[in-house]
>>> print(open('my_file_17.cif').read())   # mmCIF, C-alpha atoms
data_query
#
loop_
_atom_site.group_PDB
_atom_site.id
_atom_site.type_symbol
_atom_site.label_atom_id
_atom_site.label_comp_id
_atom_site.auth_asym_id
_atom_site.auth_seq_id
_atom_site.Cartn_x
_atom_site.Cartn_y
_atom_site.Cartn_z
ATOM 1 C CA MET A 1 0.785 46.218 34.272
ATOM 2 C CA VAL A 2 2.627 45.121 37.427
ATOM 3 C CA GLU A 3 0.745 42.812 39.824
ATOM 4 C CA LYS A 4 3.507 41.404 42.045
ATOM 5 C CA ALA A 5 6.751 42.499 43.646
ATOM 6 C CA ILE A 6 9.496 42.985 41.081
ATOM 7 C CA ASP A 7 12.837 44.720 40.726
ATOM 8 C CA ILE A 8 12.791 48.515 40.207
ATOM 9 C CA ALA A 9 14.486 48.135 36.815
ATOM 10 C CA ASP A 10 11.835 45.638 35.719
ATOM 11 C CA PHE A 11 9.069 47.956 36.888
ATOM 12 C CA PHE A 12 10.470 50.810 34.811
ATOM 13 C CA GLN A 13 10.840 48.567 31.764
ATOM 14 C CA ILE A 14 7.330 47.085 32.009
ATOM 15 C CA THR A 15 5.752 50.497 32.561
ATOM 16 C CA LYS A 16 7.741 51.956 29.685
ATOM 17 C CA GLU A 17 6.369 49.228 27.419
ATOM 18 C CA ASP A 18 2.831 49.965 28.643
ATOM 19 C CA LEU A 19 3.355 53.645 27.838
ATOM 20 C CA GLN A 20 4.680 52.845 24.389
ATOM 21 C CA LYS A 21 1.541 50.807 23.684
ATOM 22 C CA LYS A 22 -0.567 53.743 24.884
ATOM 23 C CA ILE A 23 1.333 56.052 22.542
ATOM 24 C CA LEU A 24 0.490 53.829 19.562
ATOM 25 C CA THR A 25 -3.220 53.765 20.404
ATOM 26 C CA THR A 26 -3.533 57.442 21.352
ATOM 27 C CA ILE A 27 -1.334 59.475 18.996
ATOM 28 C CA SER A 28 -2.108 59.255 15.293
ATOM 29 C CA ASP A 29 0.489 61.808 14.166
ATOM 30 C CA GLU A 30 3.553 59.707 13.313
ATOM 31 C CA LYS A 31 6.076 62.490 13.940
ATOM 32 C CA ILE A 32 4.696 63.306 17.396
ATOM 33 C CA ALA A 33 4.384 59.614 18.273
ATOM 34 C CA SER A 34 8.009 59.048 17.289
ATOM 35 C CA LEU A 35 9.222 61.991 19.364
ATOM 36 C CA VAL A 36 7.424 60.761 22.458
ATOM 37 C CA GLU A 37 8.164 57.059 22.019
ATOM 38 C CA ASN A 38 11.891 57.652 21.585
ATOM 39 C CA GLY A 39 12.183 59.612 24.835
ATOM 40 C CA ASN A 40 13.411 58.039 28.070
ATOM 41 C CA LEU A 41 9.853 58.310 29.502
ATOM 42 C CA ILE A 42 11.226 58.812 33.021
ATOM 43 C CA ARG A 43 8.704 61.471 34.042
ATOM 44 C CA PRO A 44 5.571 59.591 32.931
ATOM 45 C CA ILE A 45 6.761 56.351 34.531
ATOM 46 C CA LEU A 46 6.624 58.114 37.903
ATOM 47 C CA THR A 47 2.885 58.688 37.476
ATOM 48 C CA PRO A 48 1.904 54.988 37.453
ATOM 49 C CA LEU A 49 4.448 54.307 40.222
ATOM 50 C CA VAL A 50 2.799 56.845 42.512
ATOM 51 C CA PHE A 51 -0.664 55.706 41.411
ATOM 52 C CA LYS A 52 0.091 52.092 42.291
ATOM 53 C CA THR A 53 1.726 53.119 45.551
ATOM 54 C CA CYS A 54 -1.542 54.800 46.516
ATOM 55 C CA THR A 55 -3.829 51.984 45.313
ATOM 56 C CA LEU A 56 -1.476 49.218 46.556
ATOM 57 C CA GLY A 57 -1.667 47.850 43.023
ATOM 58 C CA LYS A 58 -5.305 46.808 43.510
ATOM 59 C CA GLU A 59 -6.823 49.153 40.953
ATOM 60 C CA LYS A 60 -8.987 48.076 38.049
ATOM 61 C CA GLN A 61 -7.407 47.865 34.601
ATOM 62 C CA ASP A 62 -9.411 50.796 33.242
ATOM 63 C CA LEU A 63 -8.107 53.093 35.989
ATOM 64 C CA TYR A 64 -4.549 52.043 35.216
ATOM 65 C CA GLN A 65 -5.135 52.835 31.536
ATOM 66 C CA ASN A 66 -6.501 56.256 32.534
ATOM 67 C CA THR A 67 -3.315 56.863 34.504
ATOM 68 C CA LEU A 68 -1.207 55.951 31.483
ATOM 69 C CA GLU A 69 -3.120 58.558 29.460
ATOM 70 C CA ILE A 70 -2.295 61.248 32.008
ATOM 71 C CA ALA A 71 1.317 60.093 32.085
ATOM 72 C CA LEU A 72 1.414 60.375 28.289
ATOM 73 C CA SER A 73 0.184 63.976 28.442
ATOM 74 C CA ILE A 74 3.073 64.760 30.782
ATOM 75 C CA GLU A 75 5.580 63.336 28.322
ATOM 76 C CA LEU A 76 3.997 65.469 25.609
ATOM 77 C CA ILE A 77 4.816 68.561 27.678
ATOM 78 C CA ASN A 78 8.378 67.305 27.992
ATOM 79 C CA SER A 79 8.639 66.753 24.225
ATOM 80 C CA ALA A 80 7.353 70.267 23.523
ATOM 81 C CA SER A 81 9.824 71.696 26.033
ATOM 82 C CA ALA A 82 12.726 69.812 24.446
ATOM 83 C CA LEU A 83 11.631 71.105 21.053
ATOM 84 C CA ASN A 84 11.690 74.647 22.403
ATOM 85 C CA ASP A 85 15.210 74.098 23.720
ATOM 86 C CA ASP A 86 16.334 72.957 20.285
ATOM 87 C CA ILE A 87 14.870 76.042 18.683
ATOM 88 C CA ILE A 88 16.529 78.320 21.242
ATOM 89 C CA ASP A 89 19.889 76.545 21.027
ATOM 90 C CA LYS A 90 19.795 76.396 17.214
ATOM 91 C CA ASN A 91 22.062 73.396 17.595
ATOM 92 C CA LYS A 92 20.822 69.921 16.652
ATOM 93 C CA LYS A 93 23.916 68.299 18.150
ATOM 94 C CA ILE A 94 22.792 69.109 21.702
ATOM 95 C CA THR A 95 19.300 67.631 21.721
ATOM 96 C CA PRO A 96 18.555 66.265 18.225
ATOM 97 C CA ILE A 97 14.771 66.485 18.379
ATOM 98 C CA MET A 98 14.268 68.242 15.061
ATOM 99 C CA ASN A 99 14.448 66.369 11.784
ATOM 100 C CA HIS A 100 17.067 67.756 9.428
ATOM 101 C CA LYS A 101 14.305 68.544 6.923
ATOM 102 C CA ASP A 102 12.347 70.649 9.423
ATOM 103 C CA THR A 103 12.544 74.421 9.493
ATOM 104 C CA PHE A 104 12.350 76.341 12.745
ATOM 105 C CA ASP A 105 8.854 77.428 11.715
ATOM 106 C CA ASP A 106 7.853 73.768 11.377
ATOM 107 C CA SER A 107 9.258 73.016 14.831
ATOM 108 C CA ILE A 108 7.489 75.931 16.507
ATOM 109 C CA LEU A 109 4.139 74.857 15.062
ATOM 110 C CA LEU A 110 4.786 71.220 15.941
ATOM 111 C CA GLY A 111 5.418 72.214 19.550
ATOM 112 C CA HIS A 112 2.013 73.898 19.691
ATOM 113 C CA ARG A 113 0.368 70.798 18.203
ATOM 114 C CA ILE A 114 2.045 68.624 20.831
ATOM 115 C CA LEU A 115 0.735 70.800 23.657
ATOM 116 C CA ALA A 116 -2.773 70.864 22.180
ATOM 117 C CA LEU A 117 -2.757 67.072 21.955
ATOM 118 C CA GLY A 118 -1.674 66.780 25.587
ATOM 119 C CA PHE A 119 -4.365 69.176 26.728
ATOM 120 C CA ASN A 120 -7.017 67.284 24.779
ATOM 121 C CA ILE A 121 -6.014 64.236 26.807
ATOM 122 C CA VAL A 122 -6.046 65.835 30.255
ATOM 123 C CA VAL A 123 -9.374 67.669 29.842
ATOM 124 C CA ASN A 124 -11.010 64.252 29.848
ATOM 125 C CA HIS A 125 -9.618 63.624 33.325
ATOM 126 C CA GLY A 126 -11.069 66.592 35.147
ATOM 127 C CA ASP A 127 -10.411 70.252 35.790
ATOM 128 C CA GLU A 128 -7.805 69.629 38.481
ATOM 129 C CA ILE A 129 -5.467 67.651 36.238
ATOM 130 C CA ALA A 130 -6.036 70.079 33.358
ATOM 131 C CA LYS A 131 -5.091 73.063 35.523
ATOM 132 C CA LEU A 132 -1.962 71.311 36.776
ATOM 133 C CA TYR A 133 -1.017 70.634 33.153
ATOM 134 C CA LEU A 134 -1.343 74.311 32.229
ATOM 135 C CA ASP A 135 0.413 75.487 35.400
ATOM 136 C CA ALA A 136 3.372 73.183 34.756
ATOM 137 C CA TRP A 137 3.713 74.432 31.178
ATOM 138 C CA ASP A 138 3.569 78.034 32.397
ATOM 139 C CA ASP A 139 6.310 77.284 34.945
ATOM 140 C CA ILE A 140 8.508 75.699 32.273
ATOM 141 C CA LEU A 141 8.088 78.689 29.966
ATOM 142 C CA THR A 142 8.695 81.213 32.756
ATOM 143 C CA GLY A 143 11.837 79.410 33.886
ATOM 144 C CA GLY A 144 13.098 79.190 30.308
ATOM 145 C CA ILE A 145 12.444 82.868 29.659
ATOM 146 C CA ASN A 146 14.243 83.874 32.854
ATOM 147 C CA GLU A 147 17.246 81.691 32.056
ATOM 148 C CA THR A 148 17.499 82.832 28.442
ATOM 149 C CA ASN A 149 17.202 86.513 29.307
ATOM 150 C CA GLN A 150 19.825 86.337 32.020
ATOM 151 C CA ILE A 151 22.315 84.331 29.979
ATOM 152 C CA GLN A 152 21.936 86.660 27.010
ATOM 153 C CA LYS A 153 22.491 89.678 29.238
ATOM 154 C CA ASN A 154 25.309 87.893 31.128
ATOM 155 C CA ILE A 155 23.495 88.543 34.404
ATOM 156 C CA ASP A 156 24.538 86.664 37.540
ATOM 157 C CA ILE A 157 21.881 83.994 38.163
ATOM 158 C CA THR A 158 23.468 82.639 41.364
ATOM 159 C CA GLU A 159 20.609 83.669 43.613
ATOM 160 C CA ASN A 160 17.796 82.303 41.441
ATOM 161 C CA TYR A 161 19.528 79.370 39.744
ATOM 162 C CA ASN A 162 17.543 76.934 41.902
ATOM 163 C CA GLU A 163 14.357 78.833 41.118
ATOM 164 C CA ILE A 164 15.010 78.500 37.389
ATOM 165 C CA ILE A 165 15.659 74.749 37.445
ATOM 166 C CA ASN A 166 12.741 74.330 39.827
ATOM 167 C CA MET A 167 10.449 75.868 37.221
ATOM 168 C CA LYS A 168 12.073 74.451 34.069
ATOM 169 C CA THR A 169 12.487 70.859 35.197
ATOM 170 C CA ALA A 170 11.279 70.072 38.708
ATOM 171 C CA SER A 171 7.753 71.376 38.093
ATOM 172 C CA LEU A 172 7.069 68.627 35.549
ATOM 173 C CA PHE A 173 8.397 65.887 37.836
ATOM 174 C CA SER A 174 6.193 67.318 40.585
ATOM 175 C CA LEU A 175 3.179 67.208 38.267
ATOM 176 C CA ALA A 176 3.936 63.615 37.247
ATOM 177 C CA CYS A 177 3.881 62.443 40.842
ATOM 178 C CA LYS A 178 0.969 64.547 42.066
ATOM 179 C CA ALA A 179 -1.140 63.483 39.078
ATOM 180 C CA GLY A 180 -0.655 59.833 40.023
ATOM 181 C CA ALA A 181 -1.917 60.538 43.522
ATOM 182 C CA ILE A 182 -4.899 62.515 42.204
ATOM 183 C CA GLU A 183 -5.903 59.726 39.819
ATOM 184 C CA ALA A 184 -5.778 57.319 42.776
ATOM 185 C CA GLU A 185 -8.175 59.676 44.617
ATOM 186 C CA SER A 186 -5.688 60.197 47.449
ATOM 187 C CA SER A 187 -6.075 62.896 50.074
ATOM 188 C CA ASP A 188 -4.774 66.430 49.557
ATOM 189 C CA GLU A 189 -2.089 65.707 52.137
ATOM 190 C CA ILE A 190 -0.780 62.692 50.231
ATOM 191 C CA GLN A 191 -0.948 64.620 46.962
ATOM 192 C CA GLN A 192 1.278 67.318 48.451
ATOM 193 C CA VAL A 193 3.763 64.737 49.723
ATOM 194 C CA PHE A 194 4.118 63.290 46.244
ATOM 195 C CA SER A 195 4.335 66.741 44.696
ATOM 196 C CA GLU A 196 7.392 67.470 46.848
ATOM 197 C CA TYR A 197 8.798 63.997 46.211
ATOM 198 C CA GLY A 198 8.703 64.599 42.467
ATOM 199 C CA ARG A 199 10.148 68.084 42.837
ATOM 200 C CA GLU A 200 13.239 66.766 44.630
ATOM 201 C CA ILE A 201 13.797 64.143 41.926
ATOM 202 C CA GLY A 202 13.413 66.850 39.286
ATOM 203 C CA LEU A 203 16.008 69.092 40.915
ATOM 204 C CA ALA A 204 18.459 66.186 41.145
ATOM 205 C CA TYR A 205 17.716 65.299 37.519
ATOM 206 C CA GLN A 206 18.446 68.799 36.201
ATOM 207 C CA LEU A 207 21.643 69.087 38.237
ATOM 208 C CA THR A 208 22.714 65.717 36.856
ATOM 209 C CA GLY A 209 21.991 66.813 33.307
ATOM 210 C CA ASP A 210 24.014 69.985 33.822
ATOM 211 C CA LEU A 211 26.910 67.965 35.189
ATOM 212 C CA VAL A 212 26.889 65.526 32.256
ATOM 213 C CA ASN A 213 26.709 68.382 29.755
ATOM 214 C CA PHE A 214 29.646 70.085 31.431
ATOM 215 C CA ILE A 215 31.888 67.023 31.773
ATOM 216 C CA LYS A 216 31.108 65.445 28.383
ATOM 217 C CA ARG A 217 30.290 68.453 26.222
ATOM 218 C CA GLY A 218 31.799 71.492 27.940
ATOM 219 C CA LEU A 219 28.415 73.239 28.203
ATOM 220 C CA ILE A 220 28.286 75.705 31.098
ATOM 221 C CA ASP A 221 25.644 78.333 30.292
ATOM 222 C CA SER A 222 22.962 76.975 32.611
ATOM 223 C CA MET A 223 25.301 76.277 35.503
ATOM 224 C CA ARG A 224 28.165 78.747 35.340
ATOM 225 C CA PHE A 225 27.226 81.352 37.936
ATOM 226 C CA SER A 226 26.015 78.792 40.442
ATOM 227 C CA ILE A 227 29.333 76.992 40.159
ATOM 228 C CA ILE A 228 31.358 80.199 40.365
ATOM 229 C CA TYR A 229 29.559 81.147 43.549
ATOM 230 C CA ARG A 230 30.435 77.840 45.170
ATOM 231 C CA MET A 231 34.026 77.790 43.936
ATOM 232 C CA ASN A 232 34.935 81.371 44.725
ATOM 233 C CA THR A 233 34.023 82.692 48.178
ATOM 234 C CA LYS A 234 34.897 86.209 47.035
ATOM 235 C CA SER A 235 32.496 85.981 44.110
ATOM 236 C CA THR A 236 30.973 89.270 43.031
ATOM 237 C CA THR A 237 27.611 89.838 41.438
ATOM 238 C CA ASP A 238 29.284 91.879 38.704
ATOM 239 C CA PRO A 239 29.234 89.519 35.683
ATOM 240 C CA LEU A 240 32.067 91.372 33.951
ATOM 241 C CA LYS A 241 34.432 90.502 36.786
ATOM 242 C CA GLU A 242 33.369 86.853 36.609
ATOM 243 C CA LYS A 243 34.401 86.255 32.984
ATOM 244 C CA PRO A 244 37.947 85.067 33.811
ATOM 245 C CA LEU A 245 36.486 82.548 36.247
ATOM 246 C CA ILE A 246 34.072 81.233 33.613
ATOM 247 C CA LYS A 247 37.013 80.481 31.342
ATOM 248 C CA GLN A 248 38.710 78.561 34.148
ATOM 249 C CA LEU A 249 35.804 76.179 34.746
ATOM 250 C CA PRO A 250 36.776 73.570 32.100
ATOM 251 C CA LYS A 251 40.138 73.206 33.834
ATOM 252 C CA GLN A 252 38.522 72.432 37.186
ATOM 253 C CA LYS A 253 36.291 69.524 36.234
ATOM 254 C CA SER A 254 37.048 67.513 39.379
ATOM 255 C CA LYS A 255 36.012 70.322 41.681
ATOM 256 C CA VAL A 256 32.914 71.128 39.648
ATOM 257 C CA LYS A 257 31.955 67.445 39.575
ATOM 258 C CA GLN A 258 32.191 67.103 43.350
ATOM 259 C CA ILE A 259 30.159 70.254 43.953
ATOM 260 C CA TYR A 260 27.389 68.963 41.732
ATOM 261 C CA LEU A 261 27.466 65.412 43.068
ATOM 262 C CA ASP A 262 27.060 66.764 46.602
ATOM 263 C CA GLU A 263 23.996 68.746 45.510
ATOM 264 C CA ILE A 264 22.562 65.806 43.591
ATOM 265 C CA LYS A 265 22.938 63.493 46.578
ATOM 266 C CA LYS A 266 21.238 66.051 48.800
ATOM 267 C CA HIS A 267 18.101 66.080 46.664
ATOM 268 C CA ILE A 268 18.103 62.292 46.274
ATOM 269 C CA LYS A 269 18.223 61.950 50.044
ATOM 270 C CA LYS A 270 15.332 64.388 50.479
ATOM 271 C CA ALA A 271 13.224 62.440 47.981
ATOM 272 C CA GLU A 272 14.057 59.181 49.760
ATOM 273 C CA GLU A 273 13.077 60.667 53.115
ATOM 274 C CA ILE A 274 9.771 61.902 51.702
ATOM 275 C CA SER A 275 9.051 58.442 50.281
ATOM 276 C CA LYS A 276 9.176 57.045 53.823
ATOM 277 C CA SER A 277 6.311 59.265 54.995
ATOM 278 C CA LYS A 278 3.957 57.453 57.334
ATOM 279 C CA ILE A 279 0.910 58.644 55.416
ATOM 280 C CA ILE A 280 2.018 56.653 52.359
ATOM 281 C CA PRO A 281 0.627 53.112 52.705
ATOM 282 C CA GLN A 282 3.089 50.254 53.097
ATOM 283 C CA SER A 283 3.644 48.002 50.098
ATOM 284 C CA PHE A 284 6.424 46.862 47.788
ATOM 285 C CA TYR A 285 5.513 49.873 45.653
ATOM 286 C CA LYS A 286 6.516 52.128 48.528
ATOM 287 C CA LYS A 287 9.882 50.364 48.585
ATOM 288 C CA MET A 288 10.290 51.024 44.850
ATOM 289 C CA LEU A 289 9.314 54.619 45.497
ATOM 290 C CA ASN A 290 12.294 54.836 47.829
ATOM 291 C CA MET A 291 14.646 53.291 45.271
ATOM 292 C CA ALA A 292 13.414 55.326 42.302
ATOM 293 C CA PRO A 293 15.372 58.584 42.913
ATOM 294 C CA SER A 294 18.821 56.986 42.874
ATOM 295 C CA PHE A 295 17.787 54.582 40.099
ATOM 296 C CA ILE A 296 16.727 57.471 37.841
ATOM 297 C CA ILE A 297 19.788 59.590 38.545
ATOM 298 C CA ASN A 298 22.202 56.687 38.107
ATOM 299 C CA GLN A 299 20.741 56.033 34.665
ATOM 300 C CA VAL A 300 21.800 59.543 33.662
ATOM 301 C CA LEU A 301 25.141 59.365 35.461
ATOM 302 C CA SER A 302 25.999 56.115 33.705
ATOM 303 C CA GLU A 303 27.304 58.287 30.869
ATOM 304 C CA LEU A 304 30.006 59.438 33.287
ATOM 305 C CA GLU A 305 30.422 55.943 34.784
ATOM 306 C CA ILE A 306 29.379 57.297 38.190
ATOM 307 C CA ILE A 307 27.005 55.760 40.742
ATOM 308 C CA VAL A 308 25.479 57.700 43.650
#
>>> encode(input="my_file_17.cif", output="structure tokens")
Amino acid sequence: MVEKAIDIADFFQITKEDLQKKILTTISDEKIASLVENGNLIRPILTPLVFKTCTLGKEKQDLYQNTLEIALSIELINSASALNDDIIDKNKKITPIMNHKDTFDDSILLGHRILALGFNIVVNHGDEIAKLYLDAWDDILTGGINETNQIQKNIDITENYNEIINMKTASLFSLACKAGAIEAESSDEIQQVFSEYGREIGLAYQLTGDLVNFIKRGLIDSMRFSIIYRMNTKSTTDPLKEKPLIKQLPKQKSKVKQIYLDEIKKHIKKAEEISKSKIIPQSFYKKMLNMAPSFIINQVLSELEIIV
């Protein structure tokens, strides 16, 4: 628990350790606990950050522990979502969540257990948080279904690419931040500000993940039509005519990288601007709130040795 002004990196590390302790005392299933504990815990760390920004760090210890529980439920959603991605990809090299001894049937059932555990946590924190939990999971599933269907059918997703990543990724970041404000009993107006703050970080995070997967691993399924649209002003919505351009993408890494970095920076800037809102009380937590977007994204971009 943070009680005085510290560096943003230290805050993330201390909060991560607090979350790991909460995992050990809350989750009895060793496999689920391991999945959650070994994650980067970026989303759930945002919940205590927003909570402390709203309380100015003057909350009682029991309220902070309650916030960690909610944050943990958010990471459980993320773990279930990552498990779904593994099952869909059928490729353990991309996101090695599944144990080599697990069958796909095991993984599907485990995902349901993870979600049930998360919901059992949030129902103890009121109907509002519980509904947000369910709404975020529905958004993630809807976005995943839309993306999978369109990729399988080779349909141009240029126009709704942002909608898909908004649902698949940004919705959970939005929940993480709004939940922190709710637990701090902040006004509806402040809750909405933090919801949008988290959404912008989530969009930047997904774009960054797509960029890393493209540069390091050559994966283009989730980004290809968006990139084609930006790289080719004569782009057509006919996917059959776009196939030659898809094949050219790996040869144009520099151009693709710049397009994505520009988009990433745009969302970081929006999140930073939101963090400066006058309705958010002044404190060193508010300053960390402003630093968090670039700090989070740079952690991901470190794989490419890039800083934004």
>>> resolve_selection(input="my_file_17.cif", expression="the PyMOL selection byres ((chain A and resi 12) around 12)", output="MDAnalysis selection string")
chainID A and resid 1:2 6:11 13:19 40:49 285 288:289 291:292 295:296 299
>>> atom_distance(input="my_file_17.cif", atom1="CA of Asn146 (chain A)", atom2="CA of Phe194 (chain A)")
26.6 Å
>>> closest_residue(input="my_file_17.cif", among="A:Tyr133, A:Phe284, A:Phe119, A:Tyr260", to="Gly209 (chain A)", atoms="only C-alpha atoms")
A:Tyr260
>>> atom_distance(input="my_file_17.cif", atom1="CA of Lys276 (chain A)", atom2="CA of Leu56 (chain A)")
15.1 Å
>>> resolve_selection(input="my_file_17.cif", expression="the PyMOL selection byres ((chain A and resi 204) around 9)", output="ChimeraX atom specification")
/A:170,199-203,205-209,263-268,293,297
>>> closest_residue(input="my_file_17.cif", among="A:Gln61, A:Ile88, A:Leu261, A:Ala181", to="Ile145 (chain A)", atoms="only C-alpha atoms")
A:Ile88
>>> build_atoms(input="my_file_17.cif", residues="region 174-193 of chain A", atoms="N, CA and C atoms", output="PDB file, in the frame of the given file")
ATOM      1  N   SER A 174       7.188  67.135  39.527  1.00  0.00           N
ATOM      2  CA  SER A 174       6.193  67.318  40.585  1.00  0.00           C
ATOM      3  C   SER A 174       4.799  66.999  40.077  1.00  0.00           C
ATOM      4  N   LEU A 175       4.476  67.496  38.880  1.00  0.00           N
ATOM      5  CA  LEU A 175       3.179  67.208  38.267  1.00  0.00           C
ATOM      6  C   LEU A 175       3.002  65.714  38.048  1.00  0.00           C
ATOM      7  N   ALA A 176       4.027  65.051  37.539  1.00  0.00           N
ATOM      8  CA  ALA A 176       3.936  63.615  37.247  1.00  0.00           C
ATOM      9  C   ALA A 176       3.550  62.820  38.485  1.00  0.00           C
ATOM     10  N   CYS A 177       4.146  63.183  39.599  1.00  0.00           N
ATOM     11  CA  CYS A 177       3.881  62.443  40.842  1.00  0.00           C
ATOM     12  C   CYS A 177       2.534  62.822  41.457  1.00  0.00           C
ATOM     13  N   LYS A 178       2.248  64.107  41.486  1.00  0.00           N
ATOM     14  CA  LYS A 178       0.969  64.547  42.066  1.00  0.00           C
ATOM     15  C   LYS A 178      -0.202  64.013  41.252  1.00  0.00           C
ATOM     16  N   ALA A 179      -0.065  63.977  39.933  1.00  0.00           N
ATOM     17  CA  ALA A 179      -1.140  63.483  39.078  1.00  0.00           C
ATOM     18  C   ALA A 179      -1.463  62.021  39.379  1.00  0.00           C
ATOM     19  N   GLY A 180      -0.431  61.236  39.674  1.00  0.00           N
ATOM     20  CA  GLY A 180      -0.655  59.833  40.023  1.00  0.00           C
ATOM     21  C   GLY A 180      -1.469  59.700  41.290  1.00  0.00           C
ATOM     22  N   ALA A 181      -1.179  60.565  42.258  1.00  0.00           N
ATOM     23  CA  ALA A 181      -1.917  60.538  43.522  1.00  0.00           C
ATOM     24  C   ALA A 181      -3.358  61.011  43.333  1.00  0.00           C
ATOM     25  N   ILE A 182      -3.549  62.013  42.480  1.00  0.00           N
ATOM     26  CA  ILE A 182      -4.899  62.515  42.204  1.00  0.00           C
ATOM     27  C   ILE A 182      -5.737  61.438  41.535  1.00  0.00           C
ATOM     28  N   GLU A 183      -5.162  60.764  40.544  1.00  0.00           N
ATOM     29  CA  GLU A 183      -5.903  59.726  39.819  1.00  0.00           C
ATOM     30  C   GLU A 183      -6.278  58.568  40.742  1.00  0.00           C
ATOM     31  N   ALA A 184      -5.480  58.363  41.791  1.00  0.00           N
ATOM     32  CA  ALA A 184      -5.778  57.319  42.776  1.00  0.00           C
ATOM     33  C   ALA A 184      -6.754  57.804  43.839  1.00  0.00           C
ATOM     34  N   GLU A 185      -7.221  59.056  43.690  1.00  0.00           N
ATOM     35  CA  GLU A 185      -8.175  59.676  44.617  1.00  0.00           C
ATOM     36  C   GLU A 185      -7.619  59.732  46.032  1.00  0.00           C
ATOM     37  N   SER A 186      -6.335  60.060  46.143  1.00  0.00           N
ATOM     38  CA  SER A 186      -5.688  60.197  47.449  1.00  0.00           C
ATOM     39  C   SER A 186      -6.037  61.547  48.071  1.00  0.00           C
ATOM     40  N   SER A 187      -5.771  61.660  49.351  1.00  0.00           N
ATOM     41  CA  SER A 187      -6.075  62.896  50.074  1.00  0.00           C
ATOM     42  C   SER A 187      -5.169  64.033  49.606  1.00  0.00           C
ATOM     43  N   ASP A 188      -5.585  65.264  49.907  1.00  0.00           N
ATOM     44  CA  ASP A 188      -4.774  66.430  49.557  1.00  0.00           C
ATOM     45  C   ASP A 188      -3.406  66.348  50.209  1.00  0.00           C
ATOM     46  N   GLU A 189      -3.354  65.813  51.415  1.00  0.00           N
ATOM     47  CA  GLU A 189      -2.089  65.707  52.137  1.00  0.00           C
ATOM     48  C   GLU A 189      -1.125  64.765  51.409  1.00  0.00           C
ATOM     49  N   ILE A 190      -1.625  63.639  50.958  1.00  0.00           N
ATOM     50  CA  ILE A 190      -0.780  62.692  50.231  1.00  0.00           C
ATOM     51  C   ILE A 190      -0.369  63.276  48.882  1.00  0.00           C
ATOM     52  N   GLN A 191      -1.285  63.976  48.238  1.00  0.00           N
ATOM     53  CA  GLN A 191      -0.948  64.620  46.962  1.00  0.00           C
ATOM     54  C   GLN A 191       0.218  65.590  47.128  1.00  0.00           C
ATOM     55  N   GLN A 192       0.207  66.357  48.215  1.00  0.00           N
ATOM     56  CA  GLN A 192       1.278  67.318  48.451  1.00  0.00           C
ATOM     57  C   GLN A 192       2.601  66.613  48.735  1.00  0.00           C
ATOM     58  N   VAL A 193       2.549  65.516  49.451  1.00  0.00           N
ATOM     59  CA  VAL A 193       3.763  64.737  49.723  1.00  0.00           C
ATOM     60  C   VAL A 193       4.395  64.275  48.417  1.00  0.00           C
TER      61      VAL A 193
END
